[in-house]
>>> print(open('structure_22.txt').read())   # compact mmCIF, C-alpha atoms
# COMPACT_ATOMS: atom_id res chain seq x y z
CA VAL A 1 -7.05 13.61 14.87
CA VAL A 2 -9.61 13.11 12.18
CA ASP A 3 -12.92 11.34 12.52
CA HIS A 4 -13.29 10.02 9.04
CA ALA A 5 -11.86 10.11 5.55
CA GLU A 6 -12.93 8.11 2.55
CA PHE A 7 -9.72 8.47 0.55
CA LEU A 8 -6.00 8.60 1.32
CA HIS A 9 -5.66 12.11 -0.12
CA GLN A 10 -8.18 13.43 2.43
CA VAL A 11 -6.28 12.26 5.50
CA PRO A 12 -4.25 14.89 7.45
CA ASP A 13 -0.50 14.27 7.35
CA GLU A 14 -0.33 13.82 11.12
CA ALA A 15 -2.62 10.82 10.87
CA LEU A 16 -0.87 9.44 7.79
CA GLN A 17 2.46 9.47 9.60
CA GLU A 18 1.19 6.95 12.13
CA VAL A 19 0.16 4.31 9.62
CA LEU A 20 3.37 2.78 8.27
CA PRO A 21 5.14 2.47 11.64
CA ALA A 22 2.01 0.61 12.81
CA ALA A 23 2.04 -1.60 9.70
CA LYS A 24 5.70 -2.35 10.34
CA LYS A 25 4.90 -3.42 13.89
CA ILE A 26 2.22 -5.78 12.62
CA ALA A 27 4.50 -7.22 9.94
CA LEU A 28 7.19 -7.88 12.55
CA ALA A 29 4.68 -9.43 14.95
CA LEU A 30 3.21 -11.64 12.22
CA ASP A 31 6.74 -12.64 11.28
CA CYS A 32 5.70 -13.34 7.70
CA LYS A 33 8.52 -13.23 5.19
CA ASP A 34 6.50 -12.13 2.19
CA TYR A 35 3.57 -9.75 2.33
CA ASN A 36 1.76 -6.99 0.51
CA LEU A 37 0.55 -3.68 1.81
CA LEU A 38 -2.43 -2.49 -0.19
CA GLN A 39 -4.62 0.57 0.13
CA ASN A 40 -7.48 1.07 -2.32
CA ASN A 41 -9.20 4.34 -3.23
CA GLY A 42 -12.50 4.36 -5.08
CA LYS A 43 -14.84 1.62 -6.19
CA LEU A 44 -13.05 1.19 -9.49
CA ALA A 45 -9.89 0.51 -7.50
CA HIS A 46 -11.54 -2.26 -5.46
CA GLN A 47 -12.39 -0.14 -2.42
CA ALA A 48 -15.36 -1.91 -0.86
CA VAL A 49 -15.75 0.12 2.34
CA GLY A 50 -15.92 3.92 2.32
CA HIS A 51 -13.25 4.48 4.94
CA VAL A 52 -9.51 4.70 4.43
CA HIS A 53 -7.98 1.41 5.46
CA PHE A 54 -4.86 -0.60 4.72
CA HIS A 55 -4.57 -4.31 3.97
CA LEU A 56 -1.48 -6.08 5.23
CA ILE A 57 -1.66 -9.40 3.41
CA PRO A 58 0.72 -12.25 4.25
CA LYS A 59 1.74 -14.01 1.05
CA LEU A 60 2.15 -17.75 0.87
CA GLU A 61 2.70 -19.86 -2.20
CA ASP A 62 -0.97 -20.21 -3.06
CA GLN A 63 -2.59 -17.74 -0.70
CA GLY A 64 -2.70 -13.99 -0.49
CA LEU A 65 -2.73 -11.30 -3.13
CA HIS A 66 -2.52 -12.12 -6.81
CA ILE A 67 -1.84 -9.17 -9.05
CA LYS A 68 -2.52 -8.48 -12.69
CA TRP A 69 -1.12 -5.18 -13.73
CA GLN A 70 -0.08 -4.13 -17.20
CA PRO A 71 1.85 -0.86 -16.88
CA LEU A 72 1.22 1.60 -19.71
CA GLN A 73 3.96 2.17 -22.21
CA THR A 74 5.74 5.50 -21.84
CA THR A 75 8.82 7.41 -22.94
CA SER A 76 11.46 9.39 -21.07
CA GLN A 77 9.94 12.51 -22.59
CA GLN A 78 6.47 11.71 -21.32
CA LEU A 79 7.83 10.90 -17.89
CA GLU A 80 9.66 14.21 -17.82
CA GLN A 81 6.47 16.06 -18.71
CA LEU A 82 4.60 14.26 -15.96
CA TYR A 83 7.38 15.06 -13.51
CA LYS A 84 7.18 18.76 -14.38
CA LYS A 85 3.40 18.71 -14.09
CA LEU A 86 3.61 17.17 -10.62
CA LEU A 87 6.25 19.67 -9.52
CA SER A 88 4.10 22.56 -10.72
CA LYS A 89 1.27 21.40 -8.47
CA GLN A 90 3.27 21.27 -5.25
CA VAL B 91 18.13 8.72 7.27
CA VAL B 92 18.67 5.21 5.98
CA ASP B 93 20.64 4.21 2.93
CA HIS B 94 18.82 1.10 1.98
CA ALA B 95 16.20 -1.38 3.10
CA GLU B 96 14.82 -4.33 1.21
CA PHE B 97 11.58 -4.71 3.15
CA LEU B 98 9.09 -2.39 4.83
CA HIS B 99 9.73 -3.87 8.28
CA GLN B 100 13.42 -2.88 8.05
CA VAL B 101 12.78 0.82 7.49
CA PRO B 102 13.22 3.19 10.48
CA ASP B 103 9.97 4.83 11.62
CA GLU B 104 11.31 8.32 10.86
CA ALA B 105 11.66 7.38 7.20
CA LEU B 106 8.32 5.55 7.09
CA GLN B 107 6.53 8.64 8.39
CA GLU B 108 7.51 10.59 5.29
CA VAL B 109 6.04 8.18 2.78
CA LEU B 110 2.27 8.56 3.00
CA PRO B 111 2.24 12.37 3.11
CA ALA B 112 4.36 12.23 -0.07
CA ALA B 113 1.98 9.69 -1.67
CA LYS B 114 -0.93 11.98 -0.77
CA LYS B 115 0.79 14.90 -2.51
CA ILE B 116 1.28 12.82 -5.64
CA ALA B 117 -2.33 11.58 -5.60
CA LEU B 118 -3.56 15.17 -5.30
CA ALA B 119 -1.25 16.35 -8.07
CA LEU B 120 -2.28 13.51 -10.37
CA ASP B 121 -5.91 14.35 -9.59
CA CYS B 122 -6.99 10.77 -10.26
CA LYS B 123 -10.23 9.80 -8.61
CA ASP B 124 -9.49 6.11 -8.17
CA TYR B 125 -6.08 4.68 -7.37
CA ASN B 126 -4.25 1.97 -5.48
CA LEU B 127 -1.27 2.24 -3.23
CA LEU B 128 0.71 -1.00 -3.26
CA GLN B 129 3.91 -2.00 -1.55
CA ASN B 130 5.29 -5.51 -2.07
CA ASN B 131 7.68 -7.41 0.18
CA GLY B 132 9.42 -10.52 -1.04
CA LYS B 133 9.56 -12.29 -4.38
CA LEU B 134 6.51 -14.39 -3.59
CA ALA B 135 4.62 -11.14 -3.04
CA HIS B 136 5.59 -9.75 -6.46
CA GLN B 137 8.52 -7.65 -5.30
CA ALA B 138 10.75 -7.40 -8.36
CA VAL B 139 13.36 -4.93 -7.12
CA GLY B 140 15.17 -5.43 -3.81
CA HIS B 141 14.51 -1.96 -2.46
CA VAL B 142 11.47 -0.77 -0.53
CA HIS B 143 9.25 1.18 -2.90
CA PHE B 144 5.60 2.10 -3.23
CA HIS B 145 3.40 1.94 -6.31
CA LEU B 146 0.76 4.62 -6.68
CA ILE B 147 -1.38 3.25 -9.50
CA PRO B 148 -4.14 5.35 -11.07
CA LYS B 149 -7.14 3.15 -11.80
CA LEU B 150 -9.19 3.58 -14.93
CA GLU B 151 -11.92 1.31 -16.22
CA ASP B 152 -9.59 -1.04 -18.04
CA GLN B 153 -6.18 0.08 -16.84
CA GLY B 154 -4.34 -0.19 -13.58
CA LEU B 155 -4.27 -2.83 -10.91
CA HIS B 156 -6.42 -5.93 -11.10
CA ILE B 157 -6.62 -7.91 -7.91
CA LYS B 158 -7.40 -11.52 -7.19
CA TRP B 159 -7.48 -12.17 -3.52
CA GLN B 160 -9.35 -14.91 -1.71
CA PRO B 161 -9.26 -14.11 2.00
CA LEU B 162 -8.94 -17.17 4.23
CA GLN B 163 -11.93 -18.24 6.28
CA THR B 164 -11.64 -17.45 9.95
CA THR B 165 -13.69 -17.26 13.15
CA SER B 166 -14.06 -14.64 15.86
CA GLN B 167 -12.16 -16.99 18.13
CA GLN B 168 -9.25 -17.33 15.74
CA LEU B 169 -9.15 -13.58 15.23
CA GLU B 170 -9.08 -13.03 18.96
CA GLN B 171 -6.17 -15.45 19.31
CA LEU B 172 -4.29 -13.63 16.57
CA TYR B 173 -5.03 -10.31 18.23
CA LYS B 174 -3.62 -11.54 21.52
CA LYS B 175 -0.57 -12.97 19.77
CA LEU B 176 0.11 -9.61 18.11
CA LEU B 177 -0.34 -7.73 21.38
CA SER B 178 2.09 -10.07 23.14
CA LYS B 179 4.78 -9.20 20.60
CA GLN B 180 4.58 -5.43 21.01
>>> encode(input="structure_22.txt", output="structure tokens")
Amino acid sequence: VVDHAEFLHQVPDEALQEVLPAAKKIALALDCKDYNLLQNNGKLAHQAVGHVHFHLIPKLEDQGLHIKWQPLQTTSQQLEQLYKKLLSKQ
Amino acid sequence: VVDHAEFLHQVPDEALQEVLPAAKKIALALDCKDYNLLQNNGKLAHQAVGHVHFHLIPKLEDQGLHIKWQPLQTTSQQLEQLYKKLLSKQ
């Protein structure tokens, strides 16, 4: 039971656990075949309101979320280093 | 404990509850200030692999997720109708 958080990583786990089952309910009720779930953190990442919130966006042919995303190039070695770094921070 | 689901709305709640706390851990470990969490359902919605998965995308000035999204126009009345429709399907 938290009053407010600006970013996902500030939300207590108990509250986080409630979100996706609720999103699932909404998706089922909307009965939309294609949809995106989007949660933005920080102004750079398109967060326009300073409260954690999730967008469930039905996707039709010409409506909904359009994405442009160029993943960085990487190597197995770099991924392994990142994996170890993440593990070390658990 | 589910073996496979293609879409978010097919995943049992018990499995869904584990996702966001894990994403939070990764965000904290990456220590990126700005980031997007994105989950796509259906080919129209940019889902490229037929298994439920989440993208945690660090956002830098010129890297990461770019979004183009034109929300539909609506009215308070239409929103209220949608709200009632969703409630009736609970």
>>> closest_atom_pairs(input="structure_22.txt", of="chain A", to="region 161-178 of chain B", cutoff="8 Å", atoms="all atoms listed in the file", output="Markdown table")
| residue | atom | partner | partner_atom | distance |
| --- | --- | --- | --- | --- |
| A:Ile26 | CA | B:Leu176 | CA | 7.0 |
| A:Ala29 | CA | B:Leu176 | CA | 5.6 |
| A:Leu30 | CA | B:Leu176 | CA | 7.0 |
| A:Gly64 | CA | B:Pro161 | CA | 7.0 |
>>> interface_residues(input="structure_22.txt", of="chain A", to="chain B", cutoff="9 Å", atoms="only C-alpha atoms", output="number ranges by chain")
A: 8-14, 16-21, 23-30, 33-47, 58-61, 63-72, 82, 85-90
>>> atom_distance(input="structure_22.txt", atom1="CA of Ala5 (chain A)", atom2="CA of His53 (chain A)")
9.5 Å
>>> calpha_fit_and_write(input="structure_22.txt", fixed="chain B", moving="chain A", output="PDB file with C-alpha atoms, in the frame of the given file")
ATOM      1  CA  VAL A   1      18.107   8.680   7.263  1.00  0.00           C
ATOM      2  CA  VAL A   2      18.694   5.201   6.001  1.00  0.00           C
ATOM      3  CA  ASP A   3      20.637   4.217   2.926  1.00  0.00           C
ATOM      4  CA  HIS A   4      18.803   1.093   1.994  1.00  0.00           C
ATOM      5  CA  ALA A   5      16.188  -1.386   3.111  1.00  0.00           C
ATOM      6  CA  GLU A   6      14.809  -4.323   1.209  1.00  0.00           C
ATOM      7  CA  PHE A   7      11.584  -4.713   3.179  1.00  0.00           C
ATOM      8  CA  LEU A   8       9.082  -2.388   4.847  1.00  0.00           C
ATOM      9  CA  HIS A   9       9.742  -3.883   8.288  1.00  0.00           C
ATOM     10  CA  GLN A  10      13.418  -2.872   8.053  1.00  0.00           C
ATOM     11  CA  VAL A  11      12.772   0.826   7.493  1.00  0.00           C
ATOM     12  CA  PRO A  12      13.219   3.190  10.502  1.00  0.00           C
ATOM     13  CA  ASP A  13       9.976   4.832  11.617  1.00  0.00           C
ATOM     14  CA  GLU A  14      11.307   8.308  10.853  1.00  0.00           C
ATOM     15  CA  ALA A  15      11.649   7.380   7.202  1.00  0.00           C
ATOM     16  CA  LEU A  16       8.312   5.561   7.105  1.00  0.00           C
ATOM     17  CA  GLN A  17       6.528   8.648   8.391  1.00  0.00           C
ATOM     18  CA  GLU A  18       7.514  10.597   5.293  1.00  0.00           C
ATOM     19  CA  VAL A  19       6.036   8.181   2.782  1.00  0.00           C
ATOM     20  CA  LEU A  20       2.258   8.565   2.995  1.00  0.00           C
ATOM     21  CA  PRO A  21       2.228  12.382   3.108  1.00  0.00           C
ATOM     22  CA  ALA A  22       4.357  12.226  -0.065  1.00  0.00           C
ATOM     23  CA  ALA A  23       1.979   9.702  -1.656  1.00  0.00           C
ATOM     24  CA  LYS A  24      -0.925  11.976  -0.782  1.00  0.00           C
ATOM     25  CA  LYS A  25       0.790  14.890  -2.501  1.00  0.00           C
ATOM     26  CA  ILE A  26       1.270  12.815  -5.635  1.00  0.00           C
ATOM     27  CA  ALA A  27      -2.331  11.593  -5.598  1.00  0.00           C
ATOM     28  CA  LEU A  28      -3.569  15.179  -5.302  1.00  0.00           C
ATOM     29  CA  ALA A  29      -1.242  16.361  -8.069  1.00  0.00           C
ATOM     30  CA  LEU A  30      -2.283  13.508 -10.366  1.00  0.00           C
ATOM     31  CA  ASP A  31      -5.894  14.345  -9.588  1.00  0.00           C
ATOM     32  CA  CYS A  32      -6.975  10.770 -10.253  1.00  0.00           C
ATOM     33  CA  LYS A  33     -10.232   9.778  -8.618  1.00  0.00           C
ATOM     34  CA  ASP A  34      -9.492   6.097  -8.181  1.00  0.00           C
ATOM     35  CA  TYR A  35      -6.089   4.672  -7.373  1.00  0.00           C
ATOM     36  CA  ASN A  36      -4.254   1.961  -5.505  1.00  0.00           C
ATOM     37  CA  LEU A  37      -1.266   2.236  -3.245  1.00  0.00           C
ATOM     38  CA  LEU A  38       0.704  -0.992  -3.269  1.00  0.00           C
ATOM     39  CA  GLN A  39       3.912  -1.999  -1.550  1.00  0.00           C
ATOM     40  CA  ASN A  40       5.283  -5.502  -2.082  1.00  0.00           C
ATOM     41  CA  ASN A  41       7.675  -7.416   0.174  1.00  0.00           C
ATOM     42  CA  GLY A  42       9.440 -10.530  -1.049  1.00  0.00           C
ATOM     43  CA  LYS A  43       9.557 -12.273  -4.390  1.00  0.00           C
ATOM     44  CA  LEU A  44       6.514 -14.369  -3.599  1.00  0.00           C
ATOM     45  CA  ALA A  45       4.626 -11.123  -3.041  1.00  0.00           C
ATOM     46  CA  HIS A  46       5.582  -9.754  -6.471  1.00  0.00           C
ATOM     47  CA  GLN A  47       8.528  -7.647  -5.314  1.00  0.00           C
ATOM     48  CA  ALA A  48      10.745  -7.395  -8.382  1.00  0.00           C
ATOM     49  CA  VAL A  49      13.364  -4.932  -7.120  1.00  0.00           C
ATOM     50  CA  GLY A  50      15.176  -5.420  -3.812  1.00  0.00           C
ATOM     51  CA  HIS A  51      14.500  -1.961  -2.440  1.00  0.00           C
ATOM     52  CA  VAL A  52      11.457  -0.775  -0.534  1.00  0.00           C
ATOM     53  CA  HIS A  53       9.257   1.163  -2.906  1.00  0.00           C
ATOM     54  CA  PHE A  54       5.605   2.100  -3.231  1.00  0.00           C
ATOM     55  CA  HIS A  55       3.399   1.948  -6.317  1.00  0.00           C
ATOM     56  CA  LEU A  56       0.759   4.626  -6.675  1.00  0.00           C
ATOM     57  CA  ILE A  57      -1.379   3.272  -9.496  1.00  0.00           C
ATOM     58  CA  PRO A  58      -4.131   5.374 -11.079  1.00  0.00           C
ATOM     59  CA  LYS A  59      -7.120   3.163 -11.822  1.00  0.00           C
ATOM     60  CA  LEU A  60      -9.182   3.574 -14.948  1.00  0.00           C
ATOM     61  CA  GLU A  61     -11.903   1.306 -16.225  1.00  0.00           C
ATOM     62  CA  ASP A  62      -9.577  -1.054 -18.056  1.00  0.00           C
ATOM     63  CA  GLN A  63      -6.175   0.069 -16.848  1.00  0.00           C
ATOM     64  CA  GLY A  64      -4.330  -0.183 -13.585  1.00  0.00           C
ATOM     65  CA  LEU A  65      -4.276  -2.825 -10.897  1.00  0.00           C
ATOM     66  CA  HIS A  66      -6.428  -5.921 -11.105  1.00  0.00           C
ATOM     67  CA  ILE A  67      -6.636  -7.918  -7.920  1.00  0.00           C
ATOM     68  CA  LYS A  68      -7.405 -11.531  -7.182  1.00  0.00           C
ATOM     69  CA  TRP A  69      -7.489 -12.177  -3.507  1.00  0.00           C
ATOM     70  CA  GLN A  70      -9.364 -14.912  -1.709  1.00  0.00           C
ATOM     71  CA  PRO A  71      -9.274 -14.109   2.015  1.00  0.00           C
ATOM     72  CA  LEU A  72      -8.938 -17.163   4.255  1.00  0.00           C
ATOM     73  CA  GLN A  73     -11.924 -18.229   6.263  1.00  0.00           C
ATOM     74  CA  THR A  74     -11.668 -17.455   9.968  1.00  0.00           C
ATOM     75  CA  THR A  75     -13.706 -17.264  13.155  1.00  0.00           C
ATOM     76  CA  SER A  76     -14.058 -14.633  15.864  1.00  0.00           C
ATOM     77  CA  GLN A  77     -12.158 -16.985  18.146  1.00  0.00           C
ATOM     78  CA  GLN A  78      -9.248 -17.314  15.755  1.00  0.00           C
ATOM     79  CA  LEU A  79      -9.154 -13.573  15.235  1.00  0.00           C
ATOM     80  CA  GLU A  80      -9.079 -13.042  18.979  1.00  0.00           C
ATOM     81  CA  GLN A  81      -6.162 -15.444  19.321  1.00  0.00           C
ATOM     82  CA  LEU A  82      -4.291 -13.641  16.574  1.00  0.00           C
ATOM     83  CA  TYR A  83      -5.021 -10.309  18.227  1.00  0.00           C
ATOM     84  CA  LYS A  84      -3.605 -11.557  21.532  1.00  0.00           C
ATOM     85  CA  LYS A  85      -0.552 -12.973  19.786  1.00  0.00           C
ATOM     86  CA  LEU A  86       0.131  -9.632  18.104  1.00  0.00           C
ATOM     87  CA  LEU A  87      -0.331  -7.740  21.366  1.00  0.00           C
ATOM     88  CA  SER A  88       2.100 -10.064  23.128  1.00  0.00           C
ATOM     89  CA  LYS A  89       4.784  -9.199  20.585  1.00  0.00           C
ATOM     90  CA  GLN A  90       4.588  -5.432  20.977  1.00  0.00           C
TER      91      GLN A  90
END
